[in-house]
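Next up, my_file30.cif (mmCIF, C-alpha atoms and all ligand atoms):
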data_input
loop_
_atom_site.label_atom_id
_atom_site.label_comp_id
_atom_site.auth_asym_id
_atom_site.auth_seq_id
_atom_site.Cartn_x
_atom_site.Cartn_y
_atom_site.Cartn_z
CA MET A 1 -75.76 67.87 31.85
CA LYS A 2 -75.14 70.26 34.76
CA ILE A 3 -78.11 72.31 35.95
CA ALA A 4 -77.53 75.17 38.40
CA ILE A 5 -80.48 76.29 40.52
CA LEU A 6 -81.20 79.46 42.49
CA SER A 7 -84.22 81.61 43.29
CA ASP A 8 -85.13 84.73 45.23
CA ILE A 9 -81.98 86.62 44.33
CA HIS A 10 -83.79 89.91 45.13
CA GLU A 11 -80.94 91.70 43.39
CA GLY A 12 -81.97 95.27 44.24
CA LEU A 13 -82.50 94.74 47.93
CA ASN A 14 -79.45 92.55 48.43
CA ARG A 15 -77.21 94.87 46.41
CA LYS A 16 -78.32 97.89 48.44
CA LYS A 17 -77.97 96.13 51.78
CA THR A 18 -74.61 94.47 51.10
CA ARG A 19 -73.28 97.27 48.86
CA ILE A 20 -71.91 94.49 46.66
CA ASP A 21 -72.68 93.89 43.00
CA ILE A 22 -74.65 90.65 43.21
CA MET A 23 -74.65 90.16 39.42
CA THR A 24 -70.85 90.16 39.25
CA LEU A 25 -70.78 87.45 41.91
CA LEU A 26 -73.29 85.40 39.91
CA ASN A 27 -71.27 85.89 36.73
CA ASN A 28 -68.07 84.85 38.49
CA TRP A 29 -69.70 81.69 39.74
CA LEU A 30 -71.10 80.83 36.29
CA ASP A 31 -67.69 81.49 34.76
CA ALA A 32 -65.92 79.18 37.16
CA ASN A 33 -68.52 76.39 37.20
CA GLN A 34 -69.89 76.44 33.66
CA PRO A 35 -73.25 74.73 34.14
CA ASP A 36 -75.14 73.89 30.93
CA VAL A 37 -78.38 75.28 32.33
CA PHE A 38 -79.17 77.84 35.04
CA ILE A 39 -82.72 77.77 36.39
CA ILE A 40 -83.83 80.90 38.24
CA SER A 41 -87.19 80.26 39.90
CA GLY A 42 -88.43 83.80 40.47
CA ASP A 43 -87.94 87.00 42.47
CA MET A 44 -84.97 88.23 40.44
CA THR A 45 -85.71 91.73 41.71
CA ALA A 46 -88.73 94.05 42.06
CA GLY A 47 -90.37 95.17 38.80
CA PRO A 48 -90.43 93.56 35.34
CA GLU A 49 -88.14 95.95 33.47
CA LYS A 50 -85.35 95.60 35.99
CA SER A 51 -85.76 91.82 36.14
CA LEU A 52 -85.76 91.54 32.34
CA ASN A 53 -82.68 93.70 32.14
CA LEU A 54 -80.79 91.58 34.68
CA LEU A 55 -81.79 88.34 32.94
CA ASN A 56 -80.67 89.69 29.56
CA GLN A 57 -77.38 90.85 31.05
CA LEU A 58 -76.78 87.43 32.58
CA GLN A 59 -77.67 85.59 29.37
CA ASN A 60 -75.55 87.90 27.19
CA SER A 61 -72.53 87.52 29.46
CA ASN A 62 -72.93 83.73 29.41
CA PRO A 63 -74.18 82.80 25.93
CA GLN A 64 -73.08 79.17 26.35
CA ILE A 65 -75.37 78.70 29.37
CA LYS A 66 -79.12 78.28 28.85
CA ILE A 67 -80.80 80.54 31.39
CA ILE A 68 -84.32 79.48 32.30
CA PHE A 69 -86.66 81.66 34.36
CA VAL A 70 -90.10 81.79 35.89
CA HIS A 71 -91.40 85.03 37.35
CA GLY A 72 -91.88 85.54 41.06
CA ASN A 73 -94.40 87.80 42.75
CA HIS A 74 -91.80 90.58 43.08
CA ASP A 75 -90.96 90.47 39.36
CA VAL A 76 -94.55 91.48 38.53
CA TYR A 77 -94.74 94.47 40.90
CA TYR A 78 -96.10 97.04 38.45
CA GLY A 79 -99.08 99.30 37.81
CA ASP A 80 -100.49 96.51 35.65
CA SER A 81 -99.12 93.06 36.42
CA THR A 82 -100.51 91.59 33.18
CA GLN A 83 -98.29 94.05 31.37
CA ALA A 84 -95.41 93.11 33.68
CA TYR A 85 -96.00 89.47 32.79
CA GLU A 86 -95.81 90.34 29.07
CA ILE A 87 -92.61 92.33 29.54
CA LEU A 88 -90.97 89.34 31.24
CA LEU A 89 -91.98 87.05 28.35
CA LYS A 90 -89.48 89.00 26.25
CA PHE A 91 -86.81 86.94 27.96
CA PRO A 92 -86.46 83.88 25.69
CA GLY A 93 -85.75 81.54 28.61
CA ASN A 94 -88.98 82.52 30.40
CA LEU A 95 -90.93 79.26 30.73
CA GLY A 96 -94.15 81.23 30.28
CA ASN A 97 -93.23 81.12 26.57
CA GLY A 98 -93.51 77.34 26.61
CA PRO A 99 -91.63 74.19 27.65
CA ILE A 100 -87.88 74.01 27.03
CA LYS A 101 -86.41 70.70 25.87
CA LEU A 102 -82.99 70.01 27.31
CA ASP A 103 -82.36 66.89 25.22
CA ASP A 104 -84.36 63.97 23.80
CA ASN A 105 -85.45 62.82 27.25
CA TRP A 106 -85.63 65.86 29.52
CA VAL A 107 -87.98 68.81 29.31
CA VAL A 108 -88.51 71.77 31.65
CA ILE A 109 -92.11 72.91 32.11
CA GLY A 110 -93.08 75.79 34.34
CA GLU A 111 -94.64 79.12 35.10
CA GLY A 112 -94.43 81.61 37.93
CA GLY A 113 -97.73 80.46 39.37
CA TRP A 114 -99.72 82.16 42.10
CA TYR A 115 -101.56 81.23 45.30
CA ASP A 116 -105.12 80.24 46.01
CA TYR A 117 -105.05 80.13 49.84
CA THR A 118 -104.94 76.29 49.96
CA PHE A 119 -102.10 76.57 52.49
CA GLY A 120 -103.90 79.11 54.69
CA MET A 121 -105.45 78.64 58.12
CA LYS A 122 -108.92 77.15 58.20
CA ASP A 123 -110.06 79.91 60.60
CA TYR A 124 -110.04 82.49 57.81
CA ASN A 125 -111.85 82.57 54.49
CA ALA A 126 -111.12 83.77 50.97
CA GLU A 127 -112.39 87.27 51.77
CA HIS A 128 -109.83 87.67 54.57
CA TYR A 129 -107.04 86.39 52.37
CA ALA A 130 -108.12 88.57 49.45
CA LEU A 131 -107.64 91.59 51.72
CA GLY A 132 -104.38 90.07 52.91
CA THR A 133 -104.20 92.00 56.16
CA PHE A 134 -103.49 90.50 59.55
CA GLY A 135 -103.00 92.90 62.46
CA ASN A 136 -101.18 95.87 61.03
CA PHE A 137 -99.35 93.99 58.28
CA THR A 138 -100.67 93.75 54.74
CA TRP A 139 -99.13 91.22 52.33
CA PRO A 140 -97.06 93.40 49.93
CA ASP A 141 -98.50 91.80 46.77
CA LYS A 142 -101.82 93.40 47.70
CA THR A 143 -100.20 96.79 47.24
CA TYR A 144 -97.66 96.21 44.48
CA ALA A 145 -99.06 93.45 42.25
CA ASN A 146 -102.11 94.51 40.25
CA TRP A 147 -103.88 91.72 38.40
CA PRO A 148 -107.25 92.03 36.67
CA MET A 149 -108.52 88.87 38.41
CA ASP A 150 -108.56 87.50 41.94
CA ASP A 151 -105.82 85.27 43.34
CA GLN A 152 -107.76 82.05 42.95
CA ASN A 153 -108.69 82.66 39.32
CA LEU A 154 -105.12 83.66 38.57
CA THR A 155 -103.85 80.42 40.11
CA ASP A 156 -106.36 78.42 38.05
CA TYR A 157 -105.09 80.16 34.92
CA TYR A 158 -101.53 78.97 35.61
CA VAL A 159 -102.71 75.46 36.51
CA GLU A 160 -104.65 75.10 33.25
CA LYS A 161 -101.79 76.49 31.20
CA MET A 162 -99.28 74.12 32.75
CA GLU A 163 -101.55 71.11 32.55
CA LYS A 164 -101.77 71.51 28.76
CA TRP A 165 -97.99 71.45 28.52
CA LEU A 166 -97.69 68.52 30.92
CA GLN A 167 -100.18 66.54 28.82
CA GLU A 168 -98.20 67.34 25.72
CA TYR A 169 -94.99 65.98 27.24
CA GLU A 170 -96.46 63.10 29.24
CA GLY A 171 -94.00 60.22 29.44
CA LYS A 172 -90.91 62.43 29.12
CA ASN A 173 -88.60 63.17 32.03
CA ILE A 174 -90.17 66.38 33.29
CA ILE A 175 -88.61 69.04 35.48
CA MET A 176 -91.47 71.22 36.72
CA VAL A 177 -90.78 74.75 37.92
CA THR A 178 -92.90 77.37 39.69
CA HIS A 179 -92.01 80.26 41.92
CA VAL A 180 -94.69 79.34 44.45
CA VAL A 181 -94.82 76.30 46.74
CA PRO A 182 -96.54 73.13 45.40
CA PHE A 183 -96.93 71.08 48.59
CA SER A 184 -98.16 72.04 52.04
CA HIS A 185 -95.31 69.86 53.41
CA PHE A 186 -92.89 72.74 52.63
CA VAL A 187 -94.96 75.44 54.31
CA GLN A 188 -93.91 76.23 57.87
CA ARG A 189 -96.68 76.28 60.44
CA LYS A 190 -95.65 78.10 63.59
CA GLY A 191 -98.92 78.04 65.51
CA ASP A 192 -98.74 81.84 65.48
CA PRO A 193 -101.57 83.34 63.40
CA SER A 194 -99.49 86.42 62.54
CA TRP A 195 -97.24 84.01 60.57
CA ASP A 196 -99.62 81.19 59.63
CA PHE A 197 -102.19 83.59 58.12
CA PHE A 198 -99.71 84.50 55.37
CA ASN A 199 -99.10 80.85 54.48
CA ALA A 200 -102.22 81.33 52.34
CA MET A 201 -100.00 83.37 50.00
CA MET A 202 -97.24 80.73 49.70
CA GLY A 203 -98.62 78.68 46.84
CA SER A 204 -101.18 76.10 45.85
CA SER A 205 -101.64 72.38 46.33
CA GLN A 206 -102.93 72.34 42.73
CA PHE A 207 -99.34 72.54 41.47
CA GLY A 208 -98.34 69.58 43.62
CA GLU A 209 -101.33 67.62 42.34
CA LEU A 210 -100.24 68.31 38.76
CA ALA A 211 -96.69 67.18 39.55
CA LYS A 212 -97.99 63.88 40.95
CA LYS A 213 -100.53 63.34 38.16
CA TYR A 214 -97.94 63.79 35.43
CA ASN A 215 -95.18 61.95 37.27
CA VAL A 216 -92.66 64.76 37.16
CA LYS A 217 -89.15 63.71 38.12
CA LYS A 218 -87.99 66.96 39.67
CA TYR A 219 -89.77 70.03 41.01
CA ILE A 220 -88.03 73.35 41.49
CA PHE A 221 -89.61 76.30 43.30
CA GLY A 222 -88.80 79.30 45.49
CA HIS A 223 -90.82 82.04 47.22
CA ILE A 224 -90.37 80.70 50.73
CA HIS A 225 -86.93 81.75 51.77
CA THR A 226 -86.10 78.35 53.26
CA ARG A 227 -83.87 75.89 51.44
CA TYR A 228 -85.01 72.33 50.75
CA HIS A 229 -83.59 69.46 48.75
CA GLU A 230 -85.32 66.16 49.39
CA LEU A 231 -87.31 63.35 47.88
CA TYR A 232 -91.02 63.87 48.49
CA GLU A 233 -93.88 61.88 46.93
CA GLY A 234 -91.23 60.25 44.74
CA ILE A 235 -90.22 63.64 43.31
CA GLU A 236 -86.80 65.28 43.78
CA ILE A 237 -87.79 68.61 45.30
CA ILE A 238 -85.48 71.61 45.21
CA CYS A 239 -86.23 74.97 46.77
CA ASN A 240 -83.01 76.94 46.71
CA PRO A 241 -83.54 80.62 47.51
CA LEU A 242 -80.80 83.12 48.18
CA GLY A 243 -83.17 85.18 50.33
CA TYR A 244 -82.56 88.44 52.15
CA TYR A 245 -79.28 89.64 53.57
CA PRO A 246 -78.47 89.46 56.44
CA HIS A 247 -81.03 87.52 58.48
CA GLU A 248 -81.70 84.77 55.92
CA TRP A 249 -78.05 84.20 55.02
CA ASN A 250 -75.51 81.82 56.57
CA HIS A 251 -72.45 83.91 55.75
CA SER A 252 -71.71 87.60 56.10
CA SER A 253 -69.74 87.58 52.85
CA PRO A 254 -72.03 87.88 49.80
CA GLU A 255 -69.51 85.97 47.71
CA LYS A 256 -69.41 83.07 50.15
CA GLU A 257 -73.19 83.04 50.54
CA ILE A 258 -73.97 83.10 46.82
CA HIS A 259 -71.25 80.69 45.79
CA SER A 260 -72.10 78.17 48.52
CA THR A 261 -75.85 78.42 47.93
CA ILE A 262 -76.16 77.83 44.19
CA LYS A 263 -77.06 74.18 43.78
CA VAL A 264 -75.96 71.99 40.92
CA ILE A 265 -77.73 68.82 39.88
CA VAL A 266 -76.65 66.53 37.08
CA ILE A 267 -79.07 64.77 34.75
FE FE B 1 -88.60 85.98 47.45
FE FE B 2 -91.72 85.39 46.16
#
Can you dump the structure from the file as structure tokens?
Amino acid sequence: MKIAILSDIHEGLNRKKTRIDIMTLLNNWLDANQPDVFIISGDMTAGPEKSLNLLNQLQNSNPQIKIIFVHGNHDVYYGDSTQAYEILLKFPGNLGNGPIKLDDNWVVIGEGGWYDYTFGMKDYNAEHYALGTFGNFTWPDKTYANWPMDDQNLTDYYVEKMEKWLQEYEGKNIIMVTHVVPFSHFVQRKGDPSWDFFNAMMGSSQFGELAKKYNVKKYIFGHIHTRYHELYEGIEIICNPLGYYPHEWNHSSPEKEIHSTIKVIVI
């Protein structure tokens, strides 16, 4: 079974900046490569309706490919992010609806997830991170994502939800997916507080702990726009973001960048 993996497509931004239809390029790649499954680990675009619409388009154009999704922080930018979350559940391949069995052995379990500051600097506390401002930059989620609970409680909600599913499928070959980062190992520390402060918003070690506890075979995430594919703690880890044009791309051609970035694994 061929599984294609990509995250952080940021369709709106990348389409506007490149003036190229990103979705056509994705469709062309899917057409030519025909994976069985395509896992998109968050940040499709900004706003739930647009993200849902793009996911539906992609699934309808490729009915033979199972498209699996978890939401990113940008997908829930909305007046009420709980409502945004519900809107995104309308996509059948959204893992928030429950685990998806690929065959008798393999199951995909995931959620968008959130962050609880476990990757932040020790010099700051939860109050600083809740405000999310360092110098004159405020973390955009503080402005555009509107949840009824604080970041730490929201993260706990996702952890509890996923743990139930992981318990249910214990012993199976599990592919775990979140948008956010599960291990501090994948968070870049630059020794510059104007960067390191915002590592608090990259993810939570609780997701990594779950992955270890339930012996997941593979872990797919996104959110940090740095690509990783390595074995860590005995888990095959894949973070495969497209990221922002042009500074996070290797090629100036959107077609080349997208087509060379999408990763395929075989199970
Ligand atoms: Fe992103
Ligand atoms: Fe993100």
Counting all atoms listed in the file, give me one row per residue of stretch 61-110 of chain A with an atom at most 12 Å from an atom of stretch 197-220 of chain A, showing the shortest contact pair and its distance in Å to one decimal, sorted by chain then residue number, as a Markdown table.
| residue | atom | partner | partner_atom | distance |
| --- | --- | --- | --- | --- |
| A:Ile68 | CA | A:Ile220 | CA | 11.7 |
| A:Phe69 | CA | A:Ile220 | CA | 11.0 |
| A:Val70 | CA | A:Ile220 | CA | 10.3 |
| A:Gly72 | CA | A:Gly203 | CA | 11.2 |
| A:Asn73 | CA | A:Met201 | CA | 10.2 |
| A:Asn105 | CA | A:Lys217 | CA | 11.5 |
| A:Trp106 | CA | A:Lys217 | CA | 9.5 |
| A:Val107 | CA | A:Val216 | CA | 10.0 |
| A:Val108 | CA | A:Lys218 | CA | 9.4 |
| A:Ile109 | CA | A:Val216 | CA | 9.6 |
| A:Gly110 | CA | A:Ile220 | CA | 9.1 |
Select the residues contacting ligand FE 2 (chain B) at a distance of at most 9 Å, based on only C-alpha atoms and all ligand atoms, then format the selection as a list in words.
-> Ser7, Asp8, Gly42, Asp43, His71, Gly72, Asn73, His74, Asp75, His179, Val180, Met202, Gly222, His223, Ile224 and His225 of chain A
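Among the candidates A:Asp141, A:Asp123, A:Asp103, A:Glu49, the one nearest to ligand FE 1 (chain B) when counting only C-alpha atoms and all ligand atoms is A:Asp141.
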Please define a box with edges along x, y and z of the file around all atoms of stretch 4-16 of chain A given in the file, extend it by 6 Å on each side, and return its centre and edge lengths in Å to one decimal, as AutoDock Vina command-line options.
--center_x -81.2 --center_y 86.5 --center_z 43.4 --size_x 19.9 --size_y 34.7 --size_z 22.0
re atom CA of A:Gly112 and atom FE of ligand FE 1 (chain B): distance 12.0 Å
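Nearest-residue note for A:Asp21: choosing from A:Leu54, A:Gln188, A:Val264, A:Ile65, the minimum distance belongs to A:Leu54, counting only C-alpha atoms.
With all atoms listed in the file as the basis for measurement, A:Pro182 is the residue among A:Gly98, A:Gly243, A:Pro182, A:Pro92 that approaches A:Thr118 most closely.
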Kindly indicate which residue among A:Pro254, A:Gly171, A:Pro140, A:Pro63 lies nearest to ligand FE 1 (chain B), using only C-alpha atoms and all ligand atoms for the distances.
->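 Nearest candidate to ligand FE 1 (chain B) out of A:Pro254, A:Gly171, A:Pro140, A:Pro63: A:Pro140.
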Using all atoms listed in the file, determine which residues lie at most 6 Å from stretch 154-158 of chain A, disregarding the query and same-chain residues fewer than 2 positions distant; provide the list as number ranges by chain.
-> A: 113-115, 151-152, 160-161
Straight-line distance linking atom CA of A:Ile262 with atom CA of A:Ala4, stated in Å to one decimal =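 Spanning atom CA of A:Ile262 to atom CA of A:Ala4 is a straight-line distance of 6.5 Å.
Using all atoms listed in the file, the nearest neighbour of ligand FE 1 (chain B) within the list A:Phe119, A:Phe221, A:Tyr232, A:Phe134 is A:Phe221.
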Pairwise distance for atom CA of A:Phe186 and atom CA of A:Tyr117, rounded to one decimal in Å = 14.5 Å
